[in-house]
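Chemist: Next up, model-v6.txt (compact mmCIF, C-alpha atoms).
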```txt
# COMPACT_ATOMS: atom_id res chain seq x y z
CA MET A 817 102.61 76.80 -41.97
CA THR A 818 100.87 77.31 -45.28
CA GLY A 819 97.11 77.39 -45.66
CA LEU A 820 97.09 74.05 -47.46
CA LEU A 821 98.93 72.27 -44.66
CA VAL A 822 96.56 73.77 -42.11
CA GLU A 823 93.55 72.62 -44.13
CA LEU A 824 95.03 69.13 -44.57
CA ARG A 825 95.06 68.84 -40.78
CA ARG A 826 91.64 70.46 -40.27
CA THR A 827 89.50 68.89 -42.96
CA PRO A 828 86.73 66.54 -41.83
CA VAL A 829 87.63 64.23 -44.71
CA ARG A 830 90.59 62.93 -42.72
CA TRP A 831 88.15 61.38 -40.22
CA ALA A 832 85.98 60.04 -43.01
CA ALA A 833 88.95 58.48 -44.84
CA PRO A 834 89.03 55.10 -42.98
CA PRO A 835 85.30 54.35 -43.45
CA LEU A 836 85.52 55.54 -47.05
CA LEU A 837 88.49 53.25 -47.64
CA ALA A 838 86.46 50.34 -46.29
CA ALA A 839 83.48 51.27 -48.50
CA CYS A 840 85.68 51.64 -51.58
CA THR A 841 87.42 48.34 -50.95
CA ALA A 842 84.03 46.65 -50.51
CA MET A 843 82.81 48.18 -53.79
CA VAL A 844 85.78 46.74 -55.63
CA PHE A 845 86.08 43.32 -54.04
CA LEU A 846 82.44 42.48 -53.23
CA VAL A 847 80.50 44.01 -56.13
CA GLY A 848 80.79 42.73 -59.66
CA GLY A 849 82.25 39.64 -61.23
CA ASP A 850 85.65 38.05 -61.14
CA TRP A 851 88.22 40.47 -62.50
CA ARG A 852 91.44 39.07 -61.04
CA GLY A 853 94.01 37.90 -63.55
CA SER A 854 93.22 40.41 -66.29
CA TRP A 855 94.76 43.87 -66.10
CA PRO A 856 92.11 45.63 -68.19
CA GLU A 857 89.30 44.18 -66.05
CA THR A 858 91.24 44.91 -62.85
CA SER A 859 91.79 48.53 -63.82
CA ALA A 860 88.12 48.90 -64.74
CA ALA A 861 87.05 47.31 -61.45
CA ALA A 862 89.21 49.78 -59.54
CA THR A 863 87.10 52.65 -60.87
CA ARG A 864 84.16 51.37 -58.79
CA ALA A 865 86.06 52.66 -55.77
CA ALA A 866 85.43 56.21 -56.94
CA ILE A 867 81.65 55.98 -56.53
CA PRO A 868 81.48 56.24 -52.71
CA LEU A 869 84.19 58.89 -52.83
CA MET A 870 82.22 60.96 -55.32
CA VAL A 871 79.04 60.81 -53.24
CA ALA A 872 80.89 61.68 -50.03
CA GLY A 873 82.94 64.37 -51.77
CA THR A 874 79.83 66.06 -53.12
CA GLY A 875 78.23 66.20 -49.69
CA ILE A 876 81.34 67.25 -47.78
CA ALA A 877 82.31 69.97 -50.24
CA ALA A 878 78.77 71.34 -50.27
CA GLU A 879 78.61 71.39 -46.47
CA ARG A 880 81.98 73.11 -46.11
CA ALA A 881 81.20 75.76 -48.75
CA SER A 882 77.77 76.34 -47.27
CA ARG A 883 79.12 76.65 -43.74
CA LEU A 884 81.75 79.19 -44.78
CA ARG A 885 79.09 81.23 -46.57
CA ARG A 886 76.53 81.04 -43.72
CA SER A 887 78.96 81.82 -40.92
CA GLY A 888 80.08 85.11 -42.40
CA ALA A 889 83.67 84.09 -41.73
CA GLU A 890 84.78 85.51 -45.06
CA ALA A 891 85.12 88.94 -43.46
CA LEU A 892 87.03 87.49 -40.50
CA LEU A 893 89.52 85.75 -42.74
CA ALA A 894 90.92 89.00 -44.06
CA ALA A 895 94.49 87.75 -43.72
CA ARG A 896 93.87 85.67 -46.83
CA PRO A 897 91.47 86.39 -49.64
CA PRO A 898 88.34 84.21 -49.47
CA HIS A 899 89.12 82.50 -52.77
CA GLN A 900 92.48 81.32 -51.34
CA VAL A 901 90.71 79.88 -48.30
CA GLU A 902 88.22 78.01 -50.48
CA LEU A 903 90.93 76.76 -52.83
CA ALA A 904 92.98 75.45 -49.90
CA ARG A 905 89.91 73.66 -48.52
CA LEU A 906 89.03 72.09 -51.86
CA THR A 907 92.62 71.04 -52.45
CA ALA A 908 92.88 69.44 -49.01
CA ASP A 909 89.66 67.51 -49.60
CA ALA A 910 90.90 66.41 -53.03
CA VAL A 911 94.22 65.25 -51.57
CA TRP A 912 92.54 63.12 -48.90
CA LEU A 913 89.94 61.61 -51.25
CA GLY A 914 92.56 61.07 -53.95
CA ALA A 915 94.81 59.27 -51.47
CA VAL A 916 91.94 56.96 -50.50
CA TYR A 917 91.21 56.25 -54.16
CA LEU A 918 94.84 55.55 -55.00
CA LEU A 919 95.25 53.30 -51.96
CA CYS A 920 92.20 51.28 -52.97
CA THR A 921 93.51 51.09 -56.53
CA ALA A 922 96.84 49.80 -55.18
CA PHE A 923 94.97 47.07 -53.25
CA THR A 924 93.22 46.10 -56.46
CA TRP A 925 96.45 45.96 -58.42
CA ILE A 926 98.13 43.89 -55.70
CA ALA A 927 95.33 41.33 -56.06
CA THR A 928 96.21 40.95 -59.76
CA ALA A 929 100.00 41.01 -59.39
CA GLY A 930 101.67 38.35 -61.47
CA ALA A 931 99.24 38.47 -64.37
CA PRO A 932 100.71 39.15 -67.80
CA GLY A 933 100.69 42.77 -68.87
CA GLY A 934 100.38 45.77 -66.64
CA PRO A 935 97.86 48.18 -65.12
CA TRP A 936 95.99 50.59 -67.31
CA LEU A 937 96.56 54.09 -65.96
CA ASP A 938 93.72 55.65 -67.97
CA TYR A 939 91.21 54.20 -65.54
CA VAL A 940 93.02 55.77 -62.59
CA LEU A 941 92.84 59.18 -64.23
CA PHE A 942 89.15 58.62 -64.93
CA GLY A 943 88.48 57.86 -61.25
CA VAL A 944 90.50 60.81 -59.97
CA SER A 945 88.79 63.17 -62.41
CA GLY A 946 85.42 61.90 -61.17
CA VAL A 947 86.37 62.67 -57.58
CA VAL A 948 87.58 66.16 -58.53
CA PHE A 949 84.35 66.77 -60.50
CA ALA A 950 82.27 65.69 -57.50
CA LEU A 951 84.16 68.08 -55.22
CA ALA A 952 83.65 70.93 -57.67
CA LEU A 953 79.96 70.12 -58.01
CA GLY A 954 79.52 70.00 -54.24
CA HIS A 955 81.36 73.28 -53.80
CA PHE A 956 79.18 74.93 -56.43
CA ILE A 957 76.01 73.65 -54.74
CA GLY A 958 77.22 74.81 -51.33
CA ARG A 959 78.07 78.29 -52.61
CA SER A 960 74.81 78.60 -54.54
CA LEU A 961 72.41 77.26 -51.90
CA PRO A 962 73.81 77.87 -48.43
CA GLY A 963 71.59 76.15 -45.91
CA ARG A 964 71.65 73.83 -42.94
CA PHE A 965 70.93 70.68 -44.96
CA THR A 966 72.85 71.57 -48.10
CA GLY A 967 75.50 68.88 -47.56
CA ALA A 968 72.98 66.09 -47.06
CA LEU A 969 70.89 67.17 -50.04
CA ALA A 970 74.00 67.45 -52.21
CA ALA A 971 75.10 63.95 -51.18
CA VAL A 972 71.68 62.52 -52.04
CA GLY A 973 71.67 64.42 -55.33
CA GLY A 974 75.20 63.22 -56.06
CA PHE A 975 74.15 59.64 -55.33
CA LEU A 976 71.23 59.93 -57.74
CA LEU A 977 73.36 61.63 -60.40
CA PHE A 978 76.21 59.13 -60.20
CA SER A 979 73.76 56.21 -60.08
CA LEU A 980 72.32 57.40 -63.37
CA VAL A 981 75.74 57.96 -64.91
CA PHE A 982 77.36 54.71 -63.84
CA GLY A 983 74.29 52.48 -63.84
CA SER A 984 75.83 49.67 -61.85
```
Since I need it in another form, could you write the structure as structure tokens?
Modeler:
Amino acid sequence: MTGLLVELRRTPVRWAAPPLLAACTAMVFLVGGDWRGSWPETSAAATRAAIPLMVAGTGIAAERASRLRRSGAEALLAARPPHQVELARLTADAVWLGAVYLLCTAFTWIATAGAPGGPWLDYVLFGVSGVVFALALGHFIGRSLPGRFTGALAAVGGFLLFSLVFGS
């Protein structure tokens, strides 16, 4: 079994995926105005689902990077270079969070099915790139400041950062 498949099964994001899906769906359907019936507004509303994923991704990636650095497991994982281990972990987290985002986007598009036109895929790429950026930021914070509360502080910092950026 490859390292990525192992990490897909081991990542804590898989247990956080159902609550994150509920939070993302609530962000889309309960926050904001009426967007159903217009594909541009529907696609823009679907990007709100990325906000809880970005906050959670920042905290989880920081915690995982910090834990790997604090535990000294890098020397124990000599079968694979440490950068391969970290890349497999980040990729597994990105796959799970991306799947949650795409599932929530599909729910949003289903709610607008039948309207003239079609979905705007640029917004989907914007949301996915935001999730990947949040994971990279969290990983950087976790590698730079390994500590017991790094994940929680990174999540709070990510919340403040993304609240400033997105404003709503």
Chemist: Quick one: residues within 8 Å of stretch 933-945 of chain A, all atoms listed in the file counted, chain neighbours fewer than 6 positions away excluded, as a ChimeraX atom specification?
Modeler: /A:855-856,858-860,862-863,865-866,914,917-918,921,925
Chemist: Go through A:Cys840, A:Val871, A:Ala970, A:Ile926 one by one, measure the shortest atom-to-atom distance of each to A:Ile957 using only C-alpha atoms, and give the residue with the smallest value.
Modeler: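 When distances to A:Ile957 are compared using only C-alpha atoms, the smallest one comes from A:Ala970.
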Chemist: Using atom CA of A:Leu869 and atom CA of A:Pro897 as the two end points, give the distance in Å to one decimal.
Modeler: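 Taking atom CA of A:Leu869 and atom CA of A:Pro897, their separation equals 28.6 Å.
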Chemist: So that I can see what lies close to A:Gly875, please list as a ChimeraX atom specification the residues with an atom at most 6 Å from it, counting all atoms listed in the file and leaving out residues fewer than 2 positions away in the same chain.
Modeler: /A:872-873,877-878,967-968,970-971
Chemist: Mind giving me the straight-line distance from atom CA of A:Thr874 to atom CA of A:Leu951 in Å, one decimal?
Modeler: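 Value for the atom CA of A:Thr874-atom CA of A:Leu951 distance: 5.2 Å.
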Chemist: May I ask which of the residues A:Thr827, A:Ser882, A:Thr907, A:Thr818 is the closest one to A:Leu961, counting all atoms listed in the file?
Modeler: A:Ser882
Chemist: Put the listed atoms of stretch 967-977 of chain A in a box along x, y and z with 8 Å added on every side and give me the centre and edge lengths in Å to one decimal, as JSON.
Modeler:
```
{"center_x": 73.2, "center_y": 64.3, "center_z": -53.7, "size_x": 20.6, "size_y": 25.2, "size_z": 29.3}
```
Chemist: Point out the residue among A:Pro868, A:Thr928, A:Trp851, A:Ala881 with the least atom-to-atom distance to A:Phe982, counting all atoms listed in the file.
Modeler: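 The closest residue to A:Phe982 is A:Pro868.
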Chemist: Excluding same-chain residues fewer than 6 positions from A:Ala842, what lies within 10 Å of it counting only C-alpha atoms, as a PyMOL selection string?
Modeler: chain A and resi 836+864-865+920
Chemist: So that I have them on file, write out the residues from the current selection with C-alpha atoms, as a PDB file, keeping the file's coordinate frame.
Modeler:
```
ATOM      1  CA  LEU A 836      85.520  55.540 -47.050  1.00  0.00           C
ATOM      2  CA  ARG A 864      84.160  51.370 -58.790  1.00  0.00           C
ATOM      3  CA  ALA A 865      86.060  52.660 -55.770  1.00  0.00           C
ATOM      4  CA  CYS A 920      92.200  51.280 -52.970  1.00  0.00           C
TER       5      CYS A 920
END
```
Chemist: Choose the residue, out of A:Ala950, A:Arg896, A:Arg826, A:Val916, that has the smallest atom-to-atom separation from A:Ala838; count all atoms listed in the file.
Modeler: A:Val916
Chemist: Using Å and a single decimal, report how far atom CA of A:Leu906 sits from atom CA of A:Val844.
Modeler: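 Those two atoms sit 25.8 Å apart.
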Chemist: Check the smallest atom-to-atom distance from each of A:Asp850, A:Glu902, A:Glu857, A:Glu879 to A:Gly819 using all atoms listed in the file, then report the winner.
Modeler: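 The closest residue to A:Gly819 is A:Glu902.
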Chemist: Measuring atom to atom with only C-alpha atoms, identify which of A:Ala861, A:Leu884, A:Trp831, A:Ala927 is nearest to A:Pro898.
Modeler: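 Answer, going by the shortest atom-to-atom distance: A:Leu884.
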Chemist: Need the neighbours of (76.3, 42.9, -62.2): which residues are at most 12 Å away, counting all atoms listed in the file, as a ChimeraX atom specification?
Modeler: /A:843,846-850,861,982-984
